[in-house]
Amino acid sequence: MRTVGSIIFAIFMFEFIIVAHEFGHFFAARRNKVKVNEFSIGMGPALFKRKKKDTLFALRIIPFGGYCAMEGEDGGSDEEGAFCKKAVWRRIIIVVAGVVMNLILGFILLLINTATSGPYASTTISYFEEDASSHETGLELGDRIVKINGMRIFTTMDMSFQFKNDKDGVFDIVVERDGKLKKLKDVKFKTQDKTMHIDFKVKPVELGVGTVLSQTLKQGVSDARLIFISLKDLVLGKYSLRELSGPVGIVDTIGDVVDSETDKETGKIDWSSLIHTMLSICAFITINIGIFNLLPLPALDGGRLVFLIIEAIRGKPVKPEHEGMVHFIGLIVLLALMAIITVSDVLKLF
C-alpha cells in the first residue's frame with residue numbers, strides 16, 4: 001500500500017518539474033518586457049493569491065500542472081507589453097524557454113547524480129565469464145561498444161535497453177577496437193526461458209571534471225532519445241495507449257521508488273540510494289517533458305513554434321482565428337488523450 005509520505009513526495013517532485021518549465025516562459029517573458037497576467041502553480045480553485053507588479057501569483061488546489069498566462073499570447077491585445085506585439089524572434093525565445101529550462105534542469109540533476117555516485121560504468125568490455133558466448137562469437141576484451149542493432153550506444157542504459165528489447169539473443173554490434181570501428185555480425189548471448197544472460201562486464205570510469213561532463217551529456221542524450229523511440233514504437237503498435245503513463249502514473253512510479261527504499265520494519269529510508277534514484281528519474285522526466293513539448297503538435301510549445309516560424313518566413317502572421325482553431329482542436333485532442341491515460345493510470349492502481 002502506498003504511504004502518504006511517498007505520495008506527497010512524488011507529487012512535489014512532479015510539480016517541481018512542471019513549475020520549472022513554466023518559470024522558463026515567465027523568465028523569458030519578463031526579460032523581453034512581455035506582461036505576465038498570471039503565474040500559477042497547480043490547477044483549479046486558488047488556495048493562495050498575491051499580485052506583485054502586474055502579475056497575479058497563485059497556488060491552486062490541484063497539484064498537477066501550472067501555467068504562465070501572458071497578455072496577448074492568443075492575439076487580440078493592443079497593450080504595449082502584449083506577447084503578440086513583440087518581434088517574432090522575441091516570441092520564439094519565450095516559447096522555447098520552457099523547453100530550455102527543462103533541459104537545463106535535467107542536465108543539472110544528471111550532473112549532480114554523476115558527480116556524487118562514484119565511478120560509473122563505461123561501454124568498454126573488461127571481463128568475460130568462462131565460455132562466454134558473446135566472446136566466442138566476436139566480442140573481445142577492450143572493445144568499446146558503439147552500436148547495437150544499428151542504435152548508437154552512449155551509456156550502459158542504452159545497452160540494457162537494446163538487450164532487454166531483444167527476443168533471440170543475436171545482435172549485430174559495432175565496436176571500436178584498436179582505434180578502428182569493426183562490425184560484428186550475429187554476436188550471440190545465451191538465453192533461458194526467454195531471458196538473455198549478459199556474459200561480460202564493463203570497465204569502470206573514475207570521476208573527473210572531463211568524465212563527469214562527458215557522462216552527463218551522454219546520459220542526457222540517451223534520456224532525450226527515448227521519447228522518440230517510444231513514440232515510434234507507439235505508432236508501430238508495439239505499445240498500446242494503456243501502457244502510457246500520465247501524471248498519476250508518474251507519481252505512482254515515483255511513490256514506488258520511495259517505498260522500495262524504505263525499510264518495512266523500521267520505516268527508515270535509505271536516503272543515499274533514494275536521492276540518486278530520484279535524481280535519475282526526475283532528470284529523465286524533465287528532459288522528456290521538455291522534448292515532448294517541443295514536438296510540432298497543436299496546443300504544445302512546438303505547435304506554437306511552427307506558427308512563429310511560418311510567420312518569420314512569410315513576413316506576416318497566420319490569421320489569429322485560424323491559429324486559434326488549430327490550437328483549440330489540438331487542446332481538445334490532448335485533453336481527451338490525457339483523460340484516457342489518467343483513467344488507465346487510476347485503474348492500474350487498483
# chains A, B, ... in the order shown; residues from 1 in each chain; ligands from 1

$ residues_around --residues "Gly208 in chain A" --least-positions-apart "5" --cutoff "10 Å" --atoms "only C-alpha atoms" --output "JSON, numbers by chain"
{"A": [115, 119, 213, 214]}

$ closest_atom_pairs --of "range 84-158 of chain A" --to "range 280-289 of chain A" --cutoff "7 Å" --atoms "only C-alpha atoms" --output "tab-separated table"
residue	atom	partner	partner_atom	distance
A:Asn102	CA	A:Thr286	CA	5.3
A:Leu103	CA	A:Ile287	CA	5.3
A:Gly106	CA	A:Ala283	CA	4.3
A:Leu109	CA	A:Ala283	CA	5.7
A:Leu110	CA	A:Ala283	CA	6.2
A:Asn113	CA	A:Ser280	CA	6.9

$ closest_residue --among "A:Cys68, A:Leu59, A:Thr262, A:Arg91" --to "Glu22 in chain A" --atoms "only C-alpha atoms"
A:Cys68

$ residues_around --residues "Arg31 in chain A" --least-positions-apart "5" --cutoff "12 Å" --atoms "only C-alpha atoms" --output "mmCIF file with C-alpha atoms, in the first residue's frame"
data_model
loop_
_atom_site.group_PDB
_atom_site.id
_atom_site.type_symbol
_atom_site.label_atom_id
_atom_site.label_comp_id
_atom_site.auth_asym_id
_atom_site.auth_seq_id
_atom_site.Cartn_x
_atom_site.Cartn_y
_atom_site.Cartn_z
ATOM 1 C CA GLY A 24 11.228 29.332 -18.173
ATOM 2 C CA HIS A 25 8.359 31.022 -20.042
ATOM 3 C CA PHE A 26 7.905 33.523 -17.190
ATOM 4 C CA VAL A 36 2.521 38.208 -17.500
ATOM 5 C CA GLY A 81 3.582 44.654 -23.289
ATOM 6 C CA ARG A 90 11.400 37.505 -29.121
ATOM 7 C CA ARG A 91 8.251 35.372 -29.171
ATOM 8 C CA ILE A 93 12.635 32.803 -27.372
ATOM 9 C CA ILE A 94 9.680 32.949 -24.961
ATOM 10 C CA ALA A 97 12.230 28.955 -22.933
#

$ atom_distance --atom1 "CA of Asp158 in chain A" --atom2 "CA of Leu295 in chain A"
22.7 Å

$ residues_around --residues "Phe163 in chain A" --least-positions-apart "6" --cutoff "10 Å" --atoms "only C-alpha atoms" --output "VMD selection string"
chain A and resid 148 to 149 157 169 to 171 189 195 to 198

$ closest_residue --among "A:Phe107, A:Phe39, A:Tyr127, A:Phe27" --to "Gly66 in chain A" --atoms "only C-alpha atoms"
A:Phe39

$ select_by_dssp --residues "range 15-264 of chain A" --states "strand (DSSP E)" --output "number ranges by chain"
A: 36-52, 55-70, 120-128, 144-148, 151-152, 170-177, 180-188, 191-192, 195-196, 200-205

$ atom_distance --atom1 "CA of Gly75 in chain A" --atom2 "CA of Gly98 in chain A"
20.0 Å

$ select_by_dssp --residues "range 179-315 of chain A" --states "alpha helix (DSSP H)" --output "PyMOL selection string"
chain A and resi 209-235+247-260+271-293+301-314

$ residues_around --residues "Asp143 in chain A" --least-positions-apart "2" --cutoff "10 Å" --atoms "only C-alpha atoms" --output "PDB file with C-alpha atoms, in the first residue's frame"
ATOM      1  CA  THR A 123      30.742   0.728 -22.537  1.00  0.00           C
ATOM      2  CA  THR A 124      34.191  -0.889 -22.797  1.00  0.00           C
ATOM      3  CA  ILE A 125      34.405  -4.637 -22.112  1.00  0.00           C
ATOM      4  CA  SER A 126      36.821  -5.551 -19.296  1.00  0.00           C
ATOM      5  CA  LEU A 139      33.498  -9.641 -28.887  1.00  0.00           C
ATOM      6  CA  GLU A 140      36.986  -9.103 -27.418  1.00  0.00           C
ATOM      7  CA  LEU A 141      38.441  -7.596 -24.241  1.00  0.00           C
ATOM      8  CA  ILE A 145      30.553  -0.952 -27.902  1.00  0.00           C
ATOM      9  CA  VAL A 146      29.458   1.765 -30.344  1.00  0.00           C
ATOM     10  CA  VAL A 174      29.770  -2.247 -33.972  1.00  0.00           C
ATOM     11  CA  VAL A 175      32.776  -1.892 -31.671  1.00  0.00           C
ATOM     12  CA  GLU A 176      35.822   0.333 -31.512  1.00  0.00           C
ATOM     13  CA  ARG A 177      38.880  -1.948 -31.437  1.00  0.00           C
ATOM     14  CA  ASP A 178      42.449  -0.643 -31.528  1.00  0.00           C
ATOM     15  CA  GLY A 179      41.174   2.766 -32.596  1.00  0.00           C
ATOM     16  CA  LEU A 181      35.473   0.591 -35.965  1.00  0.00           C
ATOM     17  CA  LYS A 182      34.713  -3.074 -36.554  1.00  0.00           C
ATOM     18  CA  VAL A 202      32.388  -3.310 -18.490  1.00  0.00           C
TER      19      VAL A 202
END

$ residues_around --residues "Gly303 in chain A" --least-positions-apart "3" --cutoff "10 Å" --atoms "only C-alpha atoms" --output "NGL selection string"
:A and (95 or 293-300 or 306-308 or 323 or 326-327 or 330)

$ write_last_selection --atoms "N, CA, C and O atoms" --output "PDB file, in the first residue's frame"
ATOM      1  N   VAL A  95       8.667  31.156 -26.271  1.00  0.00           N
ATOM      2  CA  VAL A  95       8.008  29.861 -26.470  1.00  0.00           C
ATOM      3  C   VAL A  95       8.937  28.694 -26.157  1.00  0.00           C
ATOM      4  O   VAL A  95       8.526  27.712 -25.544  1.00  0.00           O
ATOM      5  N   ASN A 293       7.192  18.682 -25.300  1.00  0.00           N
ATOM      6  CA  ASN A 293       6.600  19.991 -25.554  1.00  0.00           C
ATOM      7  C   ASN A 293       7.129  20.639 -26.824  1.00  0.00           C
ATOM      8  O   ASN A 293       6.493  21.538 -27.371  1.00  0.00           O
ATOM      9  N   LEU A 294       8.283  20.187 -27.290  1.00  0.00           N
ATOM     10  CA  LEU A 294       8.869  20.756 -28.496  1.00  0.00           C
ATOM     11  C   LEU A 294       8.355  20.086 -29.765  1.00  0.00           C
ATOM     12  O   LEU A 294       8.627  20.550 -30.877  1.00  0.00           O
ATOM     13  N   LEU A 295       7.600  18.997 -29.633  1.00  0.00           N
ATOM     14  CA  LEU A 295       7.046  18.333 -30.806  1.00  0.00           C
ATOM     15  C   LEU A 295       6.077  19.275 -31.518  1.00  0.00           C
ATOM     16  O   LEU A 295       5.330  20.016 -30.879  1.00  0.00           O
ATOM     17  N   PRO A 296       6.077  19.277 -32.855  1.00  0.00           N
ATOM     18  CA  PRO A 296       5.233  20.220 -33.614  1.00  0.00           C
ATOM     19  C   PRO A 296       3.762  19.826 -33.618  1.00  0.00           C
ATOM     20  O   PRO A 296       3.168  19.574 -34.671  1.00  0.00           O
ATOM     21  N   LEU A 297       3.163  19.758 -32.434  1.00  0.00           N
ATOM     22  CA  LEU A 297       1.765  19.381 -32.293  1.00  0.00           C
ATOM     23  C   LEU A 297       0.957  20.570 -31.777  1.00  0.00           C
ATOM     24  O   LEU A 297       1.443  21.337 -30.939  1.00  0.00           O
ATOM     25  N   PRO A 298      -0.275  20.752 -32.243  1.00  0.00           N
ATOM     26  CA  PRO A 298      -1.113  21.854 -31.774  1.00  0.00           C
ATOM     27  C   PRO A 298      -1.264  21.835 -30.260  1.00  0.00           C
ATOM     28  O   PRO A 298      -1.316  20.774 -29.647  1.00  0.00           O
ATOM     29  N   ALA A 299      -1.316  23.021 -29.665  1.00  0.00           N
ATOM     30  CA  ALA A 299      -1.501  23.226 -28.225  1.00  0.00           C
ATOM     31  C   ALA A 299      -0.210  23.036 -27.427  1.00  0.00           C
ATOM     32  O   ALA A 299      -0.155  23.403 -26.260  1.00  0.00           O
ATOM     33  N   LEU A 300       0.834  22.473 -28.041  1.00  0.00           N
ATOM     34  CA  LEU A 300       2.121  22.354 -27.373  1.00  0.00           C
ATOM     35  C   LEU A 300       3.022  23.514 -27.794  1.00  0.00           C
ATOM     36  O   LEU A 300       2.750  24.212 -28.779  1.00  0.00           O
ATOM     37  N   VAL A 306       5.923  26.353 -34.596  1.00  0.00           N
ATOM     38  CA  VAL A 306       5.718  26.174 -36.040  1.00  0.00           C
ATOM     39  C   VAL A 306       5.057  27.410 -36.640  1.00  0.00           C
ATOM     40  O   VAL A 306       5.479  27.913 -37.696  1.00  0.00           O
ATOM     41  N   PHE A 307       4.022  27.926 -35.987  1.00  0.00           N
ATOM     42  CA  PHE A 307       3.334  29.113 -36.494  1.00  0.00           C
ATOM     43  C   PHE A 307       4.241  30.338 -36.489  1.00  0.00           C
ATOM     44  O   PHE A 307       4.163  31.187 -37.391  1.00  0.00           O
ATOM     45  N   LEU A 308       5.120  30.443 -35.501  1.00  0.00           N
ATOM     46  CA  LEU A 308       6.047  31.574 -35.449  1.00  0.00           C
ATOM     47  C   LEU A 308       7.091  31.479 -36.562  1.00  0.00           C
ATOM     48  O   LEU A 308       7.477  32.498 -37.153  1.00  0.00           O
ATOM     49  N   GLU A 323      -5.089  30.124 -36.420  1.00  0.00           N
ATOM     50  CA  GLU A 323      -4.150  29.522 -35.478  1.00  0.00           C
ATOM     51  C   GLU A 323      -4.872  29.088 -34.209  1.00  0.00           C
ATOM     52  O   GLU A 323      -4.629  27.999 -33.677  1.00  0.00           O
ATOM     53  N   VAL A 326      -6.719  25.810 -34.708  1.00  0.00           N
ATOM     54  CA  VAL A 326      -5.812  24.660 -34.718  1.00  0.00           C
ATOM     55  C   VAL A 326      -5.411  24.278 -33.296  1.00  0.00           C
ATOM     56  O   VAL A 326      -5.445  23.106 -32.909  1.00  0.00           O
ATOM     57  N   HIS A 327      -5.041  25.282 -32.486  1.00  0.00           N
ATOM     58  CA  HIS A 327      -4.637  25.011 -31.110  1.00  0.00           C
ATOM     59  C   HIS A 327      -5.811  24.502 -30.274  1.00  0.00           C
ATOM     60  O   HIS A 327      -5.633  23.648 -29.402  1.00  0.00           O
ATOM     61  N   GLY A 330      -6.326  20.931 -31.167  1.00  0.00           N
ATOM     62  CA  GLY A 330      -5.219  20.176 -30.586  1.00  0.00           C
ATOM     63  C   GLY A 330      -5.363  20.017 -29.090  1.00  0.00           C
ATOM     64  O   GLY A 330      -5.072  18.960 -28.527  1.00  0.00           O
TER      65      GLY A 330
END

$ residues_around --residues "Val221 in chain A" --least-positions-apart "4" --cutoff "10 Å" --atoms "only C-alpha atoms" --output "tab-separated table (two decimals) with N, CA and C atoms, in the first residue's frame"
chain	number	residue	atom	x	y	z
A	107	PHE	N	19.95	18.54	-17.07
A	107	PHE	CA	21.42	18.49	-17.09
A	107	PHE	C	21.99	18.66	-15.69
A	154	PHE	N	25.47	5.20	-26.15
A	154	PHE	CA	26.17	6.23	-25.38
A	154	PHE	C	26.48	5.76	-23.96
A	155	THR	N	25.56	5.03	-23.37
A	155	THR	CA	25.70	4.61	-21.96
A	155	THR	C	25.32	3.14	-21.81
A	215	GLN	N	29.90	12.05	-19.30
A	215	GLN	CA	28.85	11.09	-18.94
A	215	GLN	C	27.50	11.79	-18.79
A	216	THR	N	27.50	12.99	-18.24
A	216	THR	CA	26.26	13.74	-18.07
A	216	THR	C	25.62	14.04	-19.42
A	217	LEU	N	26.42	14.49	-20.37
A	217	LEU	CA	25.90	14.79	-21.71
A	217	LEU	C	25.39	13.52	-22.40
A	225	ARG	N	16.50	10.76	-26.28
A	225	ARG	CA	16.23	9.90	-27.43
A	225	ARG	C	15.11	8.91	-27.16
A	226	LEU	N	14.94	8.52	-25.90
A	226	LEU	CA	13.95	7.50	-25.57
A	226	LEU	C	12.52	7.93	-25.91
A	287	ILE	N	13.58	16.04	-18.83
A	287	ILE	CA	14.10	16.07	-20.21
A	287	ILE	C	13.02	15.64	-21.19

$ closest_residue --among "A:Gly72, A:Phe16, A:Gly267, A:Phe200" --to "Glu130 in chain A" --atoms "only C-alpha atoms"
A:Phe200

$ closest_residue --among "A:Ser230, A:Gln219, A:Thr277, A:Gln162" --to "Lys147 in chain A" --atoms "only C-alpha atoms"
A:Gln162
